[in-house]
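Text of run.pdb, listed as PDB, C-alpha atoms:
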```
ATOM      1  CA  MET W 129       6.364  27.345 -12.902
ATOM      2  CA  ASP W 130       2.887  26.996 -14.357
ATOM      3  CA  LEU W 131       0.723  24.458 -12.492
ATOM      4  CA  SER W 132      -2.603  25.393 -14.038
ATOM      5  CA  PRO W 133      -4.756  22.436 -15.182
ATOM      6  CA  TYR W 134      -3.790  20.693 -18.403
ATOM      7  CA  THR W 135      -6.027  21.067 -21.411
ATOM      8  CA  GLU W 136      -6.933  17.923 -23.357
ATOM      9  CA  GLU W 137      -4.400  18.842 -26.015
ATOM     10  CA  GLU W 138      -1.653  19.421 -23.450
ATOM     11  CA  ILE W 139      -2.101  16.143 -21.597
ATOM     12  CA  TRP W 140      -1.987  14.239 -24.897
ATOM     13  CA  GLU W 141       1.215  16.072 -25.775
ATOM     14  CA  GLN W 142       2.704  15.007 -22.439
ATOM     15  CA  PHE W 143       1.636  11.406 -23.074
ATOM     16  CA  HIS W 144       3.684  11.265 -26.264
ATOM     17  CA  LYS W 145       6.791  12.737 -24.644
ATOM     18  CA  THR W 146       9.601  10.738 -23.069
ATOM     19  CA  GLY W 147       9.699  11.068 -19.300
ATOM     20  CA  SER W 148       9.553   9.234 -15.988
ATOM     21  CA  ILE W 149       5.799   9.750 -15.498
ATOM     22  CA  THR W 150       4.404  10.940 -18.835
ATOM     23  CA  LYS W 151       2.700   7.628 -19.707
ATOM     24  CA  HIS W 152       0.992   7.558 -16.293
ATOM     25  CA  LEU W 153      -0.702  10.954 -16.492
ATOM     26  CA  LEU W 154      -3.720   9.757 -18.481
ATOM     27  CA  SER W 155      -4.091   6.836 -16.053
ATOM     28  CA  ILE W 156      -4.064   9.180 -13.062
ATOM     29  CA  TYR W 157      -6.574  11.464 -14.768
ATOM     30  CA  SER W 158      -8.838   8.509 -15.569
ATOM     31  CA  LEU W 159      -8.645   7.147 -12.012
ATOM     32  CA  ALA W 160      -9.584  10.491 -10.480
ATOM     33  CA  ILE W 161     -12.484  10.950 -12.889
ATOM     34  CA  GLY W 162     -13.633   7.338 -12.583
ATOM     35  CA  ILE W 163     -13.961   7.413  -8.792
ATOM     36  CA  ASN W 164     -15.437  10.919  -8.939
ATOM     37  CA  ALA W 165     -12.681  12.130  -6.599
ATOM     38  CA  GLN W 166     -13.751  15.013  -4.373
ATOM     39  CA  ARG W 167     -10.745  15.329  -2.076
ATOM     40  CA  ILE W 168      -7.459  14.775  -3.859
ATOM     41  CA  ALA W 169      -4.012  14.985  -2.268
ATOM     42  CA  GLU W 170      -0.457  14.716  -3.527
ATOM     43  CA  ILE W 171       3.119  14.948  -2.320
ATOM     44  CA  GLY W 172       5.544  16.295  -4.913
ATOM     45  CA  ILE W 173       4.177  18.876  -7.341
ATOM     46  CA  GLY W 174       4.609  19.103 -11.098
ATOM     47  CA  SER W 175       2.872  17.410 -14.024
ATOM     48  CA  THR W 176       0.719  15.352 -11.647
ATOM     49  CA  THR W 177      -0.576  18.597 -10.137
ATOM     50  CA  LYS W 178      -1.697  19.819 -13.539
ATOM     51  CA  THR W 179      -3.304  16.430 -14.210
ATOM     52  CA  LEU W 180      -5.137  16.281 -10.894
ATOM     53  CA  ARG W 181      -6.361  19.855 -11.252
ATOM     54  CA  MET W 182      -7.654  18.970 -14.705
ATOM     55  CA  ALA W 183      -9.590  16.064 -13.189
ATOM     56  CA  ALA W 184     -10.890  18.179 -10.310
ATOM     57  CA  LYS W 185     -12.440  20.571 -12.821
ATOM     58  CA  GLN W 186     -14.590  17.676 -14.019
ATOM     59  CA  THR W 187     -15.479  16.209 -10.608
ATOM     60  CA  GLY W 188     -15.874  19.468  -8.716
ATOM     61  CA  GLY W 189     -13.166  18.320  -6.317
ATOM     62  CA  THR W 190     -10.329  20.039  -4.496
ATOM     63  CA  VAL W 191      -6.616  19.269  -4.868
ATOM     64  CA  PHE W 192      -4.321  19.566  -1.845
ATOM     65  CA  SER W 193      -0.660  19.680  -2.899
ATOM     66  CA  CYS W 194       2.536  19.495  -0.877
ATOM     67  CA  ASP W 195       6.177  20.050  -1.752
ATOM     68  CA  VAL W 196       9.181  20.490   0.493
ATOM     69  CA  ASP W 197      11.004  22.951  -1.808
ATOM     70  CA  LYS W 198       9.859  26.265  -0.336
ATOM     71  CA  GLU W 199      12.395  28.434  -2.160
ATOM     72  CA  ARG W 200      11.589  27.050  -5.601
ATOM     73  CA  PHE W 201       7.796  27.172  -5.322
ATOM     74  CA  LYS W 202       7.088  30.073  -2.956
ATOM     75  CA  ASP W 203       5.710  32.250  -5.779
ATOM     76  CA  LEU W 204       2.982  29.665  -6.410
ATOM     77  CA  LEU W 205       1.377  30.372  -3.046
ATOM     78  CA  GLY W 206      -0.244  33.446  -4.555
ATOM     79  CA  GLU W 207      -1.874  31.343  -7.280
ATOM     80  CA  GLN W 208      -3.951  29.180  -4.940
ATOM     81  CA  GLN W 209      -7.665  28.939  -5.622
ATOM     82  CA  SER W 210     -10.655  27.454  -3.837
ATOM     83  CA  ASP W 211     -10.126  24.164  -5.713
ATOM     84  CA  TRP W 212      -6.334  24.067  -5.292
ATOM     85  CA  ARG W 213      -4.469  24.486  -2.021
ATOM     86  CA  LEU W 214      -0.672  24.381  -1.782
ATOM     87  CA  PHE W 215       1.415  23.577   1.289
ATOM     88  CA  LEU W 216       5.189  24.111   1.210
ATOM     89  CA  GLY W 217       6.960  22.135   3.899
ATOM     90  CA  ASN W 218       7.637  18.588   5.044
ATOM     91  CA  SER W 219       5.172  15.825   4.305
ATOM     92  CA  GLU W 220       4.654  14.901   7.957
ATOM     93  CA  THR W 221       3.209  18.331   8.778
ATOM     94  CA  PHE W 222       1.090  18.301   5.626
ATOM     95  CA  LEU W 223      -0.354  14.858   6.289
ATOM     96  CA  LYS W 224      -0.911  15.532   9.980
ATOM     97  CA  ASP W 225      -3.091  18.556   9.198
ATOM     98  CA  LEU W 226      -4.788  17.083   6.118
ATOM     99  CA  LYS W 227      -8.440  16.336   6.764
ATOM    100  CA  GLY W 228     -10.040  13.136   5.523
ATOM    101  CA  PRO W 229     -11.588  11.569   3.692
ATOM    102  CA  ILE W 230      -9.143  11.522   0.777
ATOM    103  CA  ASP W 231     -10.384   9.758  -2.349
ATOM    104  CA  ILE W 232      -7.113   9.605  -4.283
ATOM    105  CA  PHE W 233      -3.557  10.273  -3.123
ATOM    106  CA  ILE W 234      -0.471  10.597  -5.331
ATOM    107  CA  HIS W 235       2.983  10.110  -3.819
ATOM    108  CA  ASP W 236       5.971  11.398  -5.794
ATOM    109  CA  GLY W 237       8.004  13.003  -3.027
ATOM    110  CA  ALA W 238      10.777  11.301  -1.059
ATOM    111  CA  HIS W 239      11.775   7.883  -2.361
ATOM    112  CA  ASP W 240      13.567   6.277   0.577
ATOM    113  CA  TYR W 241      12.180   3.429   2.669
ATOM    114  CA  TYR W 242      11.677   5.418   5.884
ATOM    115  CA  GLN W 243       9.837   8.395   4.378
ATOM    116  CA  VAL W 244       7.650   6.412   1.993
ATOM    117  CA  LYS W 245       6.578   4.100   4.826
ATOM    118  CA  LEU W 246       5.900   7.036   7.170
ATOM    119  CA  ASP W 247       3.899   8.949   4.555
ATOM    120  CA  LEU W 248       1.772   5.886   3.811
ATOM    121  CA  GLU W 249       1.168   5.156   7.477
ATOM    122  CA  MET W 250      -0.062   8.739   7.913
ATOM    123  CA  ILE W 251      -2.330   8.836   4.846
ATOM    124  CA  LEU W 252      -3.946   5.399   5.169
ATOM    125  CA  PRO W 253      -6.237   6.348   8.093
ATOM    126  CA  LYS W 254      -7.467   9.334   6.091
ATOM    127  CA  MET W 255      -8.404   7.383   2.947
ATOM    128  CA  SER W 256     -11.965   6.709   1.833
ATOM    129  CA  LYS W 257     -13.070   3.097   1.652
ATOM    130  CA  PHE W 258     -12.009   1.900  -1.818
ATOM    131  CA  GLY W 259      -9.869   5.034  -2.145
ATOM    132  CA  LEU W 260      -6.752   4.908  -4.323
ATOM    133  CA  ILE W 261      -3.097   5.578  -3.526
ATOM    134  CA  CYS W 262      -0.641   5.945  -6.424
ATOM    135  CA  ILE W 263       3.100   5.783  -5.759
ATOM    136  CA  HIS W 264       5.542   6.717  -8.522
ATOM    137  CA  ASP W 265       9.061   5.342  -9.165
ATOM    138  CA  THR W 266       8.468   1.888  -7.673
ATOM    139  CA  GLN W 267      10.192   0.290 -10.687
ATOM    140  CA  GLN W 268      13.130   2.701 -10.743
ATOM    141  CA  TYR W 269      16.182   0.443 -10.695
ATOM    142  CA  GLU W 270      17.915   2.128  -7.727
ATOM    143  CA  LEU W 271      14.968   3.294  -5.623
ATOM    144  CA  GLY W 272      12.241   0.784  -6.452
ATOM    145  CA  PRO W 273      13.197  -2.132  -4.178
ATOM    146  CA  ASP W 274      13.226   0.004  -1.011
ATOM    147  CA  MET W 275       9.954   1.652  -2.013
ATOM    148  CA  ILE W 276       8.191  -1.674  -2.598
ATOM    149  CA  GLU W 277       9.407  -2.889   0.785
ATOM    150  CA  ALA W 278       8.117   0.313   2.396
ATOM    151  CA  ILE W 279       4.699  -0.198   0.770
ATOM    152  CA  GLN W 280       4.461  -3.795   1.969
ATOM    153  CA  ASP W 281       5.451  -2.870   5.524
ATOM    154  CA  ALA W 282       3.135   0.161   5.676
ATOM    155  CA  LEU W 283       0.166  -1.948   4.552
ATOM    156  CA  THR W 284       0.657  -4.546   7.275
ATOM    157  CA  GLY W 285      -2.651  -4.883   9.126
ATOM    158  CA  TRP W 286      -4.620  -3.058   6.419
ATOM    159  CA  ASP W 287      -7.118  -4.611   4.022
ATOM    160  CA  ALA W 288      -5.584  -3.406   0.791
ATOM    161  CA  SER W 289      -4.867  -4.723  -2.677
ATOM    162  CA  TYR W 290      -2.184  -3.378  -4.980
ATOM    163  CA  MET W 291      -0.509  -3.757  -8.349
ATOM    164  CA  THR W 292       2.314  -2.014 -10.186
ATOM    165  CA  LEU W 293       2.331  -0.635 -13.719
ATOM    166  CA  PRO W 294       5.913  -1.549 -14.751
ATOM    167  CA  PHE W 295       6.737   1.320 -17.107
ATOM    168  CA  CYS W 296       7.819   4.952 -16.836
ATOM    169  CA  CYS W 297       9.717   4.077 -13.620
ATOM    170  CA  GLY W 298       6.642   2.290 -12.293
ATOM    171  CA  LEU W 299       3.382   3.380 -10.699
ATOM    172  CA  THR W 300       2.027   1.278  -7.840
ATOM    173  CA  LEU W 301      -1.746   1.452  -7.377
ATOM    174  CA  ILE W 302      -3.156   0.638  -3.935
ATOM    175  CA  ARG W 303      -6.870   0.262  -3.234
ATOM    176  CA  VAL W 304      -7.895   0.600   0.409
ATOM    177  CA  GLU W 305     -10.494  -2.125   0.804
ATOM    178  CA  ASN W 306     -11.784  -1.177   4.222
ATOM    179  CA  GLY W 307     -10.953   2.433   5.048
ATOM    180  CA  GLN W 308     -12.043   4.329   8.117
ATOM    181  CA  HIS W 309     -14.171   6.736   6.057
ATOM    182  CA  PRO W 310     -17.259   6.160   3.857
ATOM    183  CA  GLU W 311     -16.692   4.571   0.475
ATOM    184  CA  ILE W 312     -16.022   6.552  -2.661
ATOM    185  CA  SER W 313     -18.878   7.497  -4.986
ATOM    186  CA  PRO W 314     -17.644   6.482  -8.450
ATOM    187  CA  VAL W 315     -19.129   7.499 -11.752
ATOM    188  CA  SER W 316     -22.198   5.316 -12.201
ATOM    189  CA  LYS W 317     -22.526   2.930 -15.131
ATOM    190  CA  LEU W 318     -25.636   2.039 -17.091
ATOM    191  CA  LEU W 319     -26.555  -1.646 -17.112
ATOM    192  CA  SER W 320     -28.136  -3.449 -20.052
ATOM    193  CA  ASN W 321     -31.507  -3.370 -18.301
ATOM    194  CA  GLY W 322     -31.381   0.416 -18.090
ATOM    195  CA  GLN W 323     -30.653   0.507 -14.365
ATOM    196  CA  ILE W 324     -27.736   2.310 -12.779
ATOM    197  CA  ASP W 325     -25.080   0.158 -11.067
ATOM    198  CA  THR W 326     -23.295   1.876  -8.198
ATOM    199  CA  LYS W 327     -22.294  -1.183  -6.161
ATOM    200  CA  LEU W 328     -18.745  -1.541  -4.920
ATOM    201  CA  PHE W 329     -17.161  -4.791  -3.772
ATOM    202  CA  ALA W 330     -13.975  -5.621  -1.951
ATOM    203  CA  SER W 331     -11.335  -7.517  -3.907
ATOM    204  CA  ILE W 332     -11.470 -11.293  -3.592
ATOM    205  CA  SER W 333      -7.870 -11.578  -2.406
ATOM    206  CA  HIS W 334      -5.560  -9.333  -0.428
ATOM    207  CA  PRO W 335      -1.906  -9.842  -1.346
ATOM    208  CA  ILE W 336      -0.670  -8.158   1.819
ATOM    209  CA  ALA W 337      -2.441 -10.145   4.495
ATOM    210  CA  GLY W 338      -3.163 -13.186   2.331
ATOM    211  CA  GLN W 339      -6.772 -13.043   3.424
ATOM    212  CA  GLN W 340      -9.853 -14.135   1.546
ATOM    213  CA  VAL W 341     -12.812 -11.778   1.619
ATOM    214  CA  GLU W 342     -16.284 -13.157   1.098
ATOM    215  CA  THR W 343     -18.073 -11.111  -1.521
ATOM    216  CA  LYS W 344     -21.813 -11.671  -1.434
ATOM    217  CA  ILE W 345     -23.537 -11.178  -4.783
ATOM    218  CA  ASN W 346     -27.208 -11.990  -5.124
ATOM    219  CA  ILE W 347     -27.869 -13.920  -8.351
ATOM    220  CA  LYS W 348     -31.430 -14.715  -9.364
ATOM    221  CA  PRO W 349     -32.098 -18.370 -10.318
ATOM    222  CA  MET W 350     -32.805 -17.639 -13.991
ATOM    223  CA  GLN W 351     -29.649 -15.577 -14.261
ATOM    224  CA  TRP W 352     -27.675 -18.524 -12.914
ATOM    225  CA  VAL W 353     -29.323 -20.932 -15.414
ATOM    226  CA  LYS W 354     -28.584 -18.631 -18.372
ATOM    227  CA  TRP W 355     -25.000 -18.301 -17.220
ATOM    228  CA  LYS W 356     -24.561 -22.089 -17.003
ATOM    229  CA  ILE W 357     -26.143 -22.622 -20.453
ATOM    230  CA  ARG W 358     -23.890 -19.997 -22.009
ATOM    231  CA  LYS W 359     -20.814 -21.710 -20.543
ATOM    232  CA  LEU W 360     -21.929 -25.126 -21.857
ATOM    233  CA  LEU W 361     -22.581 -23.763 -25.356
ATOM    234  CA  LYS W 362     -19.181 -22.078 -25.455
ATOM    235  CA  GLY W 363     -17.452 -25.186 -24.190
ATOM    236  CA  TYR W 364     -15.841 -23.893 -21.018
TER
END
```
Is it possible to give me this structure as structure tokens?
Amino acid sequence: MDLSPYTEEEIWEQFHKTGSITKHLLSIYSLAIGINAQRIAEIGIGSTTKTLRMAAKQTGGTVFSCDVDKERFKDLLGEQQSDWRLFLGNSETFLKDLKGPIDIFIHDGAHDYYQVKLDLEMILPKMSKFGLICIHDTQQYELGPDMIEAIQDALTGWDASYMTLPFCCGLTLIRVENGQHPEISPVSKLLSNGQIDTKLFASISHPIAGQQVETKINIKPMQWVKWKIRKLLKGY
């Protein structure tokens, strides 16, 4: 099995194919690039591995992969590089030894309630603040309900927001709002005034705990006046 990074042509080819995760690969690539992911982890290797390795080439990050199928993937151990490390064994051992912080984590391994919940409970303390967790198959008609329940239960007590992309068997995106490690360092954006914006804010609402988080944003008086005038002129 070839798990070398996708080229741009290859990932577009995958996007146009029919499959359970093909339409999510560009999203995963974009997320990893957008947050400038340095430490990337996944459970369940395959097309996501190639996607994450492609992203890591751009960010200078390292991908840590895990799969339980030792017999099938043992030959890949000899293909490891400094930016890609492979562990063959159960997810508990992998996650126990995995060092934080992790900026983005992809879960496409076991799909039962117990294992998904356990894996999430083990990875959450290792996530960067504002780090991302992506869980595949949460809209699969047989497995999805148990997986969603596992996600909700695992996030109890955590400040986290999440949503699900309801296609290609579903991809649930979790953002850890208040992780135990420093916040991610996303790709900066250029503001209209020529300055670089690198600020990160917690989400306003947290669907798990039902909490409201106060987000303090300093607005200069003239900015507020211009904003109010623009709303009046537009009639809303």
Do a neighbour search on W:Ile173 at 10 Å with only C-alpha atoms, toss out local chain neighbours closer than 2 positions, and write the hits as a compact mmCIF listing (two decimals) with C-alpha atoms, in the frame of the given file.
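part-v5.txt written:
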```
# COMPACT_ATOMS: atom_id res chain seq x y z
CA LEU W 131 0.72 24.46 -12.49
CA GLU W 170 -0.46 14.72 -3.53
CA ILE W 171 3.12 14.95 -2.32
CA SER W 175 2.87 17.41 -14.02
CA THR W 176 0.72 15.35 -11.65
CA THR W 177 -0.58 18.60 -10.14
CA LYS W 178 -1.70 19.82 -13.54
CA SER W 193 -0.66 19.68 -2.90
CA CYS W 194 2.54 19.50 -0.88
CA ASP W 195 6.18 20.05 -1.75
CA VAL W 196 9.18 20.49 0.49
CA ASP W 197 11.00 22.95 -1.81
CA PHE W 201 7.80 27.17 -5.32
CA LEU W 214 -0.67 24.38 -1.78
CA ILE W 234 -0.47 10.60 -5.33
CA HIS W 235 2.98 10.11 -3.82
CA ASP W 236 5.97 11.40 -5.79
CA GLY W 237 8.00 13.00 -3.03
```
Can you list what the PyMOL selection byres ((chain W and resi 312) around 10) grabs from this structure, as a short mmCIF file (atom, residue, chain, number, x, y, z; two decimals) with C-alpha atoms, in the frame of the given file?
```
data_model
loop_
_atom_site.label_atom_id
_atom_site.label_comp_id
_atom_site.auth_asym_id
_atom_site.auth_seq_id
_atom_site.Cartn_x
_atom_site.Cartn_y
_atom_site.Cartn_z
CA ILE W 163 -13.96 7.41 -8.79
CA ASN W 164 -15.44 10.92 -8.94
CA ALA W 165 -12.68 12.13 -6.60
CA GLN W 166 -13.75 15.01 -4.37
CA PRO W 229 -11.59 11.57 3.69
CA ILE W 230 -9.14 11.52 0.78
CA ASP W 231 -10.38 9.76 -2.35
CA ILE W 232 -7.11 9.60 -4.28
CA MET W 255 -8.40 7.38 2.95
CA SER W 256 -11.96 6.71 1.83
CA LYS W 257 -13.07 3.10 1.65
CA PHE W 258 -12.01 1.90 -1.82
CA GLY W 259 -9.87 5.03 -2.14
CA LEU W 260 -6.75 4.91 -4.32
CA HIS W 309 -14.17 6.74 6.06
CA PRO W 310 -17.26 6.16 3.86
CA GLU W 311 -16.69 4.57 0.48
CA SER W 313 -18.88 7.50 -4.99
CA PRO W 314 -17.64 6.48 -8.45
CA VAL W 315 -19.13 7.50 -11.75
CA LEU W 328 -18.74 -1.54 -4.92
#
```
(request) Tell me which of W:Lys254, W:Arg167, W:His239, W:Lys198 sits closest to W:Ala183, counting only C-alpha atoms. (result)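 The closest residue to W:Ala183 is W:Arg167.
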(message) If I take atom CA of W:Ala278 and atom CA of W:Leu223, how far is one from the other in Å, to one decimal?
(response)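 That distance, rounded to one decimal, is 17.3 Å.
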(request) For each of W:Gln243, W:Ser219, W:Gln268, W:Gln186, take the minimum atom-to-atom distance to W:Tyr157, counting only C-alpha atoms, then give the residue where this is smallest. (result) W:Gln186
Listed atoms of stretch 248-254 of chain W, axis-aligned box, 6 Å per side: centre and edge lengths to one decimal in Å, as JSON?
```
{"center_x": -2.8, "center_y": 7.2, "center_z": 6.0, "size_x": 21.2, "size_y": 16.2, "size_z": 16.3}
```
Near-W:Pro133 list (7 Å; all atoms listed in the file; drop same-chain fewer than 4 positions) as a compact mmCIF listing (two decimals) with C-alpha atoms, in the coordinates of the input:
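After the write, result28.txt holds the following:
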```
# COMPACT_ATOMS: atom_id res chain seq x y z
CA LYS W 178 -1.70 19.82 -13.54
CA THR W 179 -3.30 16.43 -14.21
CA ARG W 181 -6.36 19.86 -11.25
CA MET W 182 -7.65 18.97 -14.70
```
(request) For stretch 281-289 of chain W, list every protein, DNA or RNA residue within 6 Å, evaluated using all atoms listed in the file, and leave out those in the same chain fewer than 6 positions away; present the list as a ChimeraX atom specification. (result) /W:245,249,302-306,334
(request) In Å, rounded to a single decimal, give me how far atom CA of W:Val191 is from atom CA of W:Gln142. (result)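 According to the coordinates, atom CA of W:Gln142 and atom CA of W:Val191 are separated by 20.3 Å.
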Would you write out, as a tab-separated table (two decimals) with C-alpha atoms, in the frame of the given file, every residue that the PyMOL selection byres ((chain W and resi 264) around 6) captures in this file?
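Okay, out.tsv is ready:
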```tsv
chain	number	residue	atom	x	y	z
W	236	ASP	CA	5.97	11.40	-5.79
W	263	ILE	CA	3.10	5.78	-5.76
W	265	ASP	CA	9.06	5.34	-9.16
W	266	THR	CA	8.47	1.89	-7.67
W	298	GLY	CA	6.64	2.29	-12.29
W	299	LEU	CA	3.38	3.38	-10.70
```
(request) Measuring atom to atom with all atoms listed in the file, identify which of W:Glu199, W:Lys151, W:Ile251, W:Thr135 is nearest to W:Leu180. (result) W:Thr135
(request) Find the distance between atom CA of W:Lys145 and atom CA of W:Cys296 and write it in Å to one decimal. (result)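 So the two atoms, atom CA of W:Lys145 and atom CA of W:Cys296, lie 11.1 Å apart.
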(request) I would like the residues chosen by the PyMOL selection byres ((chain W and resi 241) around 9) on the shown file; could you give them as a list in words? (result)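 Checking the PyMOL selection byres ((chain W and resi 241) around 9) against this file, the residues are Ala238, His239, Asp240, Tyr242, Gln243, Val244, Lys245, Leu246, Leu271, Pro273, Asp274, Met275, Ile276, Glu277, Ala278 and Ile279 of chain W.
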Repair of stretch 218-227 of chain W at the level of all heavy atoms, as a PDB file, in the coordinates of the input:
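For reference, result_9.pdb as written:
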```pdb
ATOM      1  N   ASN W 218       7.430  20.035   5.010  1.00  0.00           N
ATOM      2  CA  ASN W 218       7.637  18.588   5.044  1.00  0.00           C
ATOM      3  C   ASN W 218       6.308  17.835   5.003  1.00  0.00           C
ATOM      4  O   ASN W 218       5.261  18.351   5.410  1.00  0.00           O
ATOM      5  CB  ASN W 218       8.466  18.171   6.262  1.00  0.00           C
ATOM      6  CG  ASN W 218       7.764  18.472   7.574  1.00  0.00           C
ATOM      7  OD1 ASN W 218       6.745  17.874   7.899  1.00  0.00           O
ATOM      8  ND2 ASN W 218       8.307  19.397   8.346  1.00  0.00           N
ATOM      9  N   SER W 219       6.388  16.617   4.514  1.00  0.00           N
ATOM     10  CA  SER W 219       5.172  15.825   4.305  1.00  0.00           C
ATOM     11  C   SER W 219       4.492  15.448   5.610  1.00  0.00           C
ATOM     12  O   SER W 219       3.268  15.323   5.657  1.00  0.00           O
ATOM     13  CB  SER W 219       5.501  14.558   3.505  1.00  0.00           C
ATOM     14  OG  SER W 219       6.478  13.775   4.172  1.00  0.00           O
ATOM     15  N   GLU W 220       5.266  15.277   6.677  1.00  0.00           N
ATOM     16  CA  GLU W 220       4.654  14.901   7.957  1.00  0.00           C
ATOM     17  C   GLU W 220       3.675  15.966   8.438  1.00  0.00           C
ATOM     18  O   GLU W 220       2.570  15.664   8.885  1.00  0.00           O
ATOM     19  CB  GLU W 220       5.721  14.683   9.040  1.00  0.00           C
ATOM     20  CG  GLU W 220       6.628  13.497   8.778  1.00  0.00           C
ATOM     21  CD  GLU W 220       7.972  13.927   8.218  1.00  0.00           C
ATOM     22  OE1 GLU W 220       7.971  14.664   7.212  1.00  0.00           O
ATOM     23  OE2 GLU W 220       8.996  13.540   8.776  1.00  0.00           O
ATOM     24  N   THR W 221       4.090  17.241   8.348  1.00  0.00           N
ATOM     25  CA  THR W 221       3.209  18.331   8.778  1.00  0.00           C
ATOM     26  C   THR W 221       1.980  18.412   7.887  1.00  0.00           C
ATOM     27  O   THR W 221       0.851  18.581   8.367  1.00  0.00           O
ATOM     28  CB  THR W 221       3.960  19.673   8.756  1.00  0.00           C
ATOM     29  OG1 THR W 221       5.117  19.584   9.598  1.00  0.00           O
ATOM     30  CG2 THR W 221       3.078  20.808   9.244  1.00  0.00           C
ATOM     31  N   PHE W 222       2.199  18.268   6.584  1.00  0.00           N
ATOM     32  CA  PHE W 222       1.090  18.301   5.626  1.00  0.00           C
ATOM     33  C   PHE W 222       0.070  17.209   5.914  1.00  0.00           C
ATOM     34  O   PHE W 222      -1.139  17.460   5.999  1.00  0.00           O
ATOM     35  CB  PHE W 222       1.651  18.152   4.211  1.00  0.00           C
ATOM     36  CG  PHE W 222       0.606  17.945   3.143  1.00  0.00           C
ATOM     37  CD1 PHE W 222      -0.253  18.966   2.776  1.00  0.00           C
ATOM     38  CD2 PHE W 222       0.498  16.725   2.485  1.00  0.00           C
ATOM     39  CE1 PHE W 222      -1.210  18.778   1.785  1.00  0.00           C
ATOM     40  CE2 PHE W 222      -0.443  16.525   1.496  1.00  0.00           C
ATOM     41  CZ  PHE W 222      -1.303  17.556   1.137  1.00  0.00           C
ATOM     42  N   LEU W 223       0.548  15.991   6.084  1.00  0.00           N
ATOM     43  CA  LEU W 223      -0.354  14.858   6.289  1.00  0.00           C
ATOM     44  C   LEU W 223      -1.020  14.896   7.659  1.00  0.00           C
ATOM     45  O   LEU W 223      -2.163  14.455   7.808  1.00  0.00           O
ATOM     46  CB  LEU W 223       0.408  13.551   6.105  1.00  0.00           C
ATOM     47  CG  LEU W 223       0.887  13.273   4.679  1.00  0.00           C
ATOM     48  CD1 LEU W 223       1.789  12.053   4.637  1.00  0.00           C
ATOM     49  CD2 LEU W 223      -0.289  13.098   3.733  1.00  0.00           C
ATOM     50  N   LYS W 224      -0.326  15.422   8.648  1.00  0.00           N
ATOM     51  CA  LYS W 224      -0.911  15.532   9.980  1.00  0.00           C
ATOM     52  C   LYS W 224      -2.118  16.462   9.971  1.00  0.00           C
ATOM     53  O   LYS W 224      -3.145  16.193  10.604  1.00  0.00           O
ATOM     54  CB  LYS W 224       0.134  16.037  10.973  1.00  0.00           C
ATOM     55  CG  LYS W 224      -0.401  16.192  12.391  1.00  0.00           C
ATOM     56  CD  LYS W 224       0.680  16.727  13.323  1.00  0.00           C
ATOM     57  CE  LYS W 224       0.134  16.928  14.735  1.00  0.00           C
ATOM     58  NZ  LYS W 224       1.170  17.475  15.655  1.00  0.00           N
ATOM     59  N   ASP W 225      -2.015  17.563   9.230  1.00  0.00           N
ATOM     60  CA  ASP W 225      -3.091  18.556   9.198  1.00  0.00           C
ATOM     61  C   ASP W 225      -4.150  18.272   8.138  1.00  0.00           C
ATOM     62  O   ASP W 225      -5.217  18.885   8.159  1.00  0.00           O
ATOM     63  CB  ASP W 225      -2.491  19.951   8.958  1.00  0.00           C
ATOM     64  CG  ASP W 225      -1.599  20.409  10.109  1.00  0.00           C
ATOM     65  OD1 ASP W 225      -1.768  19.903  11.226  1.00  0.00           O
ATOM     66  OD2 ASP W 225      -0.720  21.270   9.872  1.00  0.00           O
ATOM     67  N   LEU W 226      -3.848  17.376   7.201  1.00  0.00           N
ATOM     68  CA  LEU W 226      -4.788  17.083   6.118  1.00  0.00           C
ATOM     69  C   LEU W 226      -6.034  16.387   6.663  1.00  0.00           C
ATOM     70  O   LEU W 226      -5.951  15.399   7.380  1.00  0.00           O
ATOM     71  CB  LEU W 226      -4.101  16.183   5.079  1.00  0.00           C
ATOM     72  CG  LEU W 226      -4.893  15.854   3.822  1.00  0.00           C
ATOM     73  CD1 LEU W 226      -5.130  17.101   2.981  1.00  0.00           C
ATOM     74  CD2 LEU W 226      -4.143  14.792   2.999  1.00  0.00           C
ATOM     75  N   LYS W 227      -7.178  16.909   6.308  1.00  0.00           N
ATOM     76  CA  LYS W 227      -8.440  16.336   6.764  1.00  0.00           C
ATOM     77  C   LYS W 227      -8.918  15.253   5.794  1.00  0.00           C
ATOM     78  O   LYS W 227      -8.813  15.397   4.581  1.00  0.00           O
ATOM     79  CB  LYS W 227      -9.518  17.422   6.877  1.00  0.00           C
ATOM     80  CG  LYS W 227      -9.134  18.605   7.756  1.00  0.00           C
ATOM     81  CD  LYS W 227      -8.905  18.204   9.194  1.00  0.00           C
ATOM     82  CE  LYS W 227      -8.599  19.420  10.068  1.00  0.00           C
ATOM     83  NZ  LYS W 227      -8.284  19.039  11.468  1.00  0.00           N
TER      84      LYS W 227
END
```
